[in-house]
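The structure under discussion appears below in the form of structure tokens.
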Amino acid sequence: MSGNPKPLPDMRRNRERMVRQQLMPRGISDEAVLAAMGCVPRHLFVQEALRAQAYEDHPLPIGNGQTISQPFIVAFMSQLLEAKPGMRVLEIGTGSGYQAAVLAEMGLDVYTVERIREIYQTTRDLLRALRYTRIRCRLDDGTLGWPESAPFDRIIVTAGGPEIPVPLVEQLADPGVMVLPVGVSRRSQELVVVRKRDGKLFRSNRGGVSFVDLVGCHGW
Ligand code: SAH
């Protein structure tokens, strides 16, 4: 940006290093995920004071007690979706908009829901300014899904609740894949993959994670 008195370090180089050091060695091999993570400007999705830390190997605060996930977790969940360009994906927990931007960059049509008005407004404006036209934002309790636009080929939930929200299962296409953190206690969840095929559901657990609370009708 012209007139910025303190030029930022080379963000593109930081991004490439993040992909090489945090994602590839830990099993992220989906080329579409690696390419998207290598091009979405993560530093623009965090508060200005934290930009220099944007590509570090941990989550960061985004205000209102919420966080932008660690880069590896964004990549891991994106890979677990096994998505193809042109698919429709529903995200619950817009937050900074970073995960949504990564999914859009992978060629998906993204529907994302956020429950906190301030976050919703800031992020909607940012995504517009960055010209992510494939992303539609909504202010609502995402545990109820987005019924008018269902079914969705893929669903991703980026906040942790006590159960798998029933409306989301209903709004998942057949075949379809949903990835979400589920936990009996707050801040500590299991990453769960739910597959729908021929009217049946299959669940598998993919390890421990720690997300902020999913708050709503089918959340905490
Ligand atoms: N995907 C985000 C992660 C943000 S943290 C990113 O890339 O930055 C999770 C977000 O989920 C928070 O902003 C929180 O307000 C939101 N959230 C929690 N419960 C929700 C619900 N029921 N519906 C929609 N959003 C919810």
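Chain identifiers are assigned as A, B, and so on, following the order in which chains appear in the structure tokens; residues are numbered from 1 within each chain, and ligands are numbered from 1 in order of appearance.
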Practice item. Residues up to 7 Å from ligand 1, counting only C-alpha atoms and all ligand atoms: could you list those as a ChimeraX atom specification? Key: /A:66-69,92-100,113-116,119,140-143,158-159,212-216,219
Dump of C-alpha atoms for the selected residues, as a PDB file, in the first residue's frame:
ATOM      1  CA  GLN A  66     -12.679 -15.496  18.390  1.00  0.00           C
ATOM      2  CA  THR A  67      -9.665 -16.799  16.452  1.00  0.00           C
ATOM      3  CA  ILE A  68      -8.377 -17.475  12.942  1.00  0.00           C
ATOM      4  CA  SER A  69      -7.289 -21.139  12.875  1.00  0.00           C
ATOM      5  CA  ILE A  92     -20.349 -22.481   9.655  1.00  0.00           C
ATOM      6  CA  GLY A  93     -18.194 -19.913  11.492  1.00  0.00           C
ATOM      7  CA  THR A  94     -17.015 -17.298   8.966  1.00  0.00           C
ATOM      8  CA  GLY A  95     -14.735 -15.560  11.474  1.00  0.00           C
ATOM      9  CA  SER A  96     -11.901 -13.819   9.632  1.00  0.00           C
ATOM     10  CA  GLY A  97     -13.059 -15.223   6.280  1.00  0.00           C
ATOM     11  CA  TYR A  98      -9.708 -16.936   5.694  1.00  0.00           C
ATOM     12  CA  GLN A  99     -11.043 -20.496   5.479  1.00  0.00           C
ATOM     13  CA  ALA A 100     -13.794 -19.300   3.139  1.00  0.00           C
ATOM     14  CA  VAL A 113     -22.569 -18.191   8.132  1.00  0.00           C
ATOM     15  CA  GLU A 114     -21.410 -16.109  11.120  1.00  0.00           C
ATOM     16  CA  ARG A 115     -23.414 -15.388  14.282  1.00  0.00           C
ATOM     17  CA  ILE A 116     -21.587 -12.281  15.577  1.00  0.00           C
ATOM     18  CA  ILE A 119     -17.441 -10.041  12.653  1.00  0.00           C
ATOM     19  CA  ASP A 140     -27.378 -16.222  11.496  1.00  0.00           C
ATOM     20  CA  ASP A 141     -27.087 -19.233  13.782  1.00  0.00           C
ATOM     21  CA  GLY A 142     -25.217 -21.567  11.455  1.00  0.00           C
ATOM     22  CA  THR A 143     -26.224 -24.690  13.405  1.00  0.00           C
ATOM     23  CA  THR A 158     -15.020 -24.191  12.144  1.00  0.00           C
ATOM     24  CA  ALA A 159     -16.289 -23.901  15.736  1.00  0.00           C
ATOM     25  CA  VAL A 212     -13.754 -21.793  19.875  1.00  0.00           C
ATOM     26  CA  ASP A 213     -17.336 -22.617  20.898  1.00  0.00           C
ATOM     27  CA  LEU A 214     -20.081 -23.290  18.407  1.00  0.00           C
ATOM     28  CA  VAL A 215     -22.928 -21.334  20.015  1.00  0.00           C
ATOM     29  CA  GLY A 216     -26.521 -21.901  18.932  1.00  0.00           C
ATOM     30  CA  GLY A 219     -24.353 -25.934  19.726  1.00  0.00           C
TER      31      GLY A 219
END
Exercise for review: Could you give me, as an MDAnalysis selection string, the residues within 9 Å of stretch 188-199 of chain A, counting only C-alpha atoms and dropping anything in the same chain fewer than 6 positions from it?
Suggested key: chainID A and resid 77 80:81 160:162 169 172:182 205:212
Please report, as CSV, each residue of stretch 75-175 of chain A lying at most 12 Å from stretch 19-33 of chain A, together with the nearest pair of atoms and the separation in Å rounded to one decimal; use only C-alpha atoms, and order rows by chain and ascending residue number.
residue,atom,partner,partner_atom,distance
A:Ala75,CA,A:Val33,CA,6.3
A:Phe76,CA,A:Ile28,CA,6.6
A:Met77,CA,A:Val33,CA,9.7
A:Ser78,CA,A:Val33,CA,6.6
A:Gln79,CA,A:Asp30,CA,6.2
A:Leu80,CA,A:Asp30,CA,9.5
A:Leu81,CA,A:Val33,CA,10.3
A:Glu82,CA,A:Asp30,CA,8.6
A:Ala83,CA,A:Ala32,CA,9.2
A:Lys84,CA,A:Ala32,CA,9.0
A:Pro85,CA,A:Ala32,CA,9.2
A:Gln99,CA,A:Val33,CA,10.9
A:Ala101,CA,A:Val33,CA,11.3
A:Val102,CA,A:Val33,CA,7.6
A:Leu103,CA,A:Val33,CA,8.2
A:Ala104,CA,A:Val33,CA,10.6
A:Glu105,CA,A:Ala32,CA,8.4
A:Met106,CA,A:Ala32,CA,5.7
A:Gly107,CA,A:Ala32,CA,8.7
A:Leu108,CA,A:Ala32,CA,10.9
Practice item. Can you list, as JSON, numbers by chain, all residues belonging to chain A that DSSP tags as helix (DSSP H, G or I)? Key: {"A": [11, 12, 13, 14, 15, 16, 17, 18, 19, 20, 21, 22, 23, 24, 25, 26, 31, 32, 33, 34, 35, 36, 37, 38, 39, 42, 43, 44, 45, 48, 49, 50, 51, 52, 53, 71, 72, 73, 74, 75, 76, 77, 78, 79, 80, 98, 99, 100, 101, 102, 103, 104, 105, 117, 118, 119, 120, 121, 122, 123, 124, 125, 126, 127, 128, 129, 142, 143, 144, 147, 148, 149, 166, 167, 168, 169, 170, 171]}
